[in-house]
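Written out below as structure tokens is the structure these notes cover.
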Amino acid sequence: MNLHFESRTKTDKETRYREFITQYAALIDGELDETAVMANTAAALKEAFGFFWVGFYLAKSEEELTLGPFQGNVACYRIKKGRGVCGTAWQKARPIIVPDVDRFPGHIACSSASRSEIVIPVIHNNIIRGVLDIDSDQINSFDDTDCEGLKQIVDIMVTSLYQ
Ligand code: SME
């Protein structure tokens with residue numbers, strides 16, 4: 001397979017998501033192991049967009065999320081429902097964009113270098129399997145284009161993985 005996920009700084013964000021999505025479907029096609037697919041999803045996103053931290057937290061119990069496949073610095077293992085950005089996105093079952101983590105009450109700082117964050121729930125058949133969490137070391141990195149692009153990527157992953 002010949003995939004090119006390297007970041008291209010001069011291309012606009014929408015185009016980068018569109019190009020990513022075309023290649024991403026091929027990357028995960030035919031693989032049904034959750035860990036393997038999430039690991040390559042995190043790697044591909046980090047490679048393509050240069051995010052500071054990309055990974056999944058998995059809803060293995062009703063009470064807390066557990067750290068799943070990721071790319072970046074070491075991170076906290078468990079996040080209680082309703083806590084931090086991830087636990088809140090899980091509880092509310094909706095994406096959350098945090099332009100400045102210092103202004104999000106209860107933000108969990110796994111790394112002091114993280115400045116902004118986006119979290120997208122991973123939902124299949126109305127059940128939340130976990131969340132995709134992406135951190136940036138810059139303030140205000142994420143907008144609606146990221147939210148829409150990442151929701152599409154998560155939808156493709158869910159459709160391919162939990163068929
Ligand atoms: N900041 C997250 C915790 C996970 S780390 O960013 C990897 C939160 O507040 O939920």
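Chains: A, B, ... in order of the structure tokens. Residues: from 1 per chain. Ligands: from 1, in order shown.
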Check your understanding: Can you tell me which residues sit at most 10 Å away from ligand 1, counting only C-alpha atoms and all ligand atoms, written as a ChimeraX atom specification?
Key -> /A:52-57,65,67,70-90,98,101,104-119,131-136
Exercise for review: Check segment 26-130 of chain A with DSSP on the backbone and list each residue it calls alpha helix (DSSP H), as an MDAnalysis selection string.
Suggested key: chainID A and resid 26:28 34:49 84:92
Review point. What separation in Å, quoted to one decimal, exists between atom CA of Ile156 of chain A and atom CA of Gln23 of chain A?
Key: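 Going from atom CA of Ile156 of chain A over to atom CA of Gln23 of chain A covers 11.4 Å.
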Review point. What gap, in Å, lies between atom CA of Thr159 of chain A and atom CA of Val37 of chain A?
Key: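 Separation between atom CA of Thr159 of chain A and atom CA of Val37 of chain A: 12.0 Å.
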Practice item. May I ask which of the residues A:Pro69, A:Lys13, A:Thr22, A:Phe51 is the closest one to Asp137 of chain A, counting only C-alpha atoms? Key: A:Phe51
Exercise for review: Write out as a list in words each polymer residue whose atoms come within 12 Å of Ile123 of chain A, counting only C-alpha atoms; drop sequence neighbours fewer than 3 positions from it.
Suggested key: Leu58, Ala59, Ala89, Trp90, Lys92, Ala93, Arg94, Pro95, Ile120, Asn126, Ile127, Ile128, Arg129, Gly130, Val131, Leu132, Lys151, Gln152, Val154, Asp155, Ile156, Met157, Val158, Thr159, Leu161 and Tyr162 of chain A
Could you turn the residues from that selection into a file that holds C-alpha atoms, as a CSV table (one decimal), in the first residue's frame?
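Once written, part.csv looks like this:
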```csv
chain,number,residue,atom,x,y,z
A,58,LEU,CA,-12.2,3.8,25.4
A,59,ALA,CA,-15.4,3.3,27.3
A,89,ALA,CA,-17.6,14.8,25.6
A,90,TRP,CA,-18.4,11.2,26.6
A,92,LYS,CA,-22.7,14.7,26.6
A,93,ALA,CA,-22.2,12.5,23.5
A,94,ARG,CA,-21.1,15.4,21.5
A,95,PRO,CA,-17.9,16.9,20.1
A,120,ILE,CA,-15.0,13.6,19.1
A,126,ASN,CA,-26.1,4.9,19.7
A,127,ILE,CA,-23.5,3.4,21.9
A,128,ILE,CA,-20.4,5.4,22.7
A,129,ARG,CA,-17.3,3.2,22.3
A,130,GLY,CA,-15.0,6.0,23.4
A,131,VAL,CA,-13.6,9.3,22.2
A,132,LEU,CA,-10.9,10.5,19.8
A,151,LYS,CA,-16.4,13.4,12.6
A,152,GLN,CA,-16.2,12.0,9.0
A,154,VAL,CA,-14.5,8.7,13.0
A,155,ASP,CA,-17.7,7.7,11.0
A,156,ILE,CA,-15.6,5.9,8.4
A,157,MET,CA,-13.7,4.1,11.1
A,158,VAL,CA,-16.8,3.1,13.0
A,159,THR,CA,-18.6,1.8,9.8
A,161,LEU,CA,-14.6,-1.5,12.2
A,162,TYR,CA,-18.0,-2.5,13.8
```
As a short mmCIF file (atom, residue, chain, number, x, y, z; two decimals) with C-alpha atoms, in the first residue's frame, please: all residues of chain A that backbone DSSP puts in strand (DSSP E or B).
```cif
data_model
loop_
_atom_site.label_atom_id
_atom_site.label_comp_id
_atom_site.auth_asym_id
_atom_site.auth_seq_id
_atom_site.Cartn_x
_atom_site.Cartn_y
_atom_site.Cartn_z
CA TRP A 53 -1.11 14.39 20.68
CA VAL A 54 -3.68 12.11 19.00
CA GLY A 55 -5.36 9.15 20.63
CA PHE A 56 -8.38 7.27 21.80
CA TYR A 57 -9.92 6.85 25.24
CA LEU A 58 -12.16 3.79 25.38
CA GLU A 64 -14.53 5.81 33.33
CA LEU A 65 -12.58 5.97 30.09
CA THR A 66 -9.36 3.98 29.66
CA LEU A 67 -6.38 5.13 27.60
CA GLY A 68 -6.32 3.43 24.19
CA PRO A 69 -4.01 3.59 21.15
CA PHE A 70 -2.31 6.97 20.81
CA GLN A 71 0.63 8.91 19.38
CA ARG A 78 -8.29 6.77 33.37
CA ILE A 79 -10.78 9.63 33.01
CA LYS A 80 -14.04 9.59 34.99
CA ILE A 96 -16.12 19.57 22.16
CA ILE A 97 -13.68 22.18 20.88
CA VAL A 98 -11.55 23.87 23.55
CA SER A 116 -6.02 23.64 22.78
CA GLU A 117 -8.00 20.47 22.26
CA ILE A 118 -10.79 18.77 20.31
CA VAL A 119 -12.66 15.64 21.35
CA ILE A 120 -14.96 13.62 19.05
CA PRO A 121 -17.14 10.81 20.45
CA VAL A 122 -16.87 7.42 18.75
CA ILE A 123 -20.48 6.27 18.46
CA HIS A 124 -21.83 3.05 16.97
CA ILE A 127 -23.49 3.36 21.94
CA ILE A 128 -20.38 5.39 22.71
CA ARG A 129 -17.32 3.21 22.30
CA GLY A 130 -14.96 5.98 23.41
CA VAL A 131 -13.58 9.29 22.20
CA LEU A 132 -10.94 10.55 19.79
CA ASP A 133 -8.86 13.17 21.62
CA ILE A 134 -6.53 15.57 19.80
CA ASP A 135 -4.28 18.13 21.51
CA SER A 136 -2.36 21.04 20.02
#
```
Practice item. Report the distance between atom CA of Pro99 of chain A and atom CA of Lys46 of chain A in Å, rounded to one decimal place. Key: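 Spanning atom CA of Pro99 of chain A to atom CA of Lys46 of chain A is a straight-line distance of 19.0 Å.
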Exercise for review: Mind checking which residues fall within 12 Å of Tyr24 of chain A, counting only C-alpha atoms, ignoring those fewer than 4 positions away in the same chain, and posting them as a PyMOL selection string?
Suggested key: chain A and resi 1-5+16-20+28-29+37-38+40-45+48+149-150+152-157+160
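Closest approach to Gln163 of chain A among A:Gly30, A:Glu47, A:Asp144, A:Gln91 is made by A:Gly30 (distances from only C-alpha atoms).
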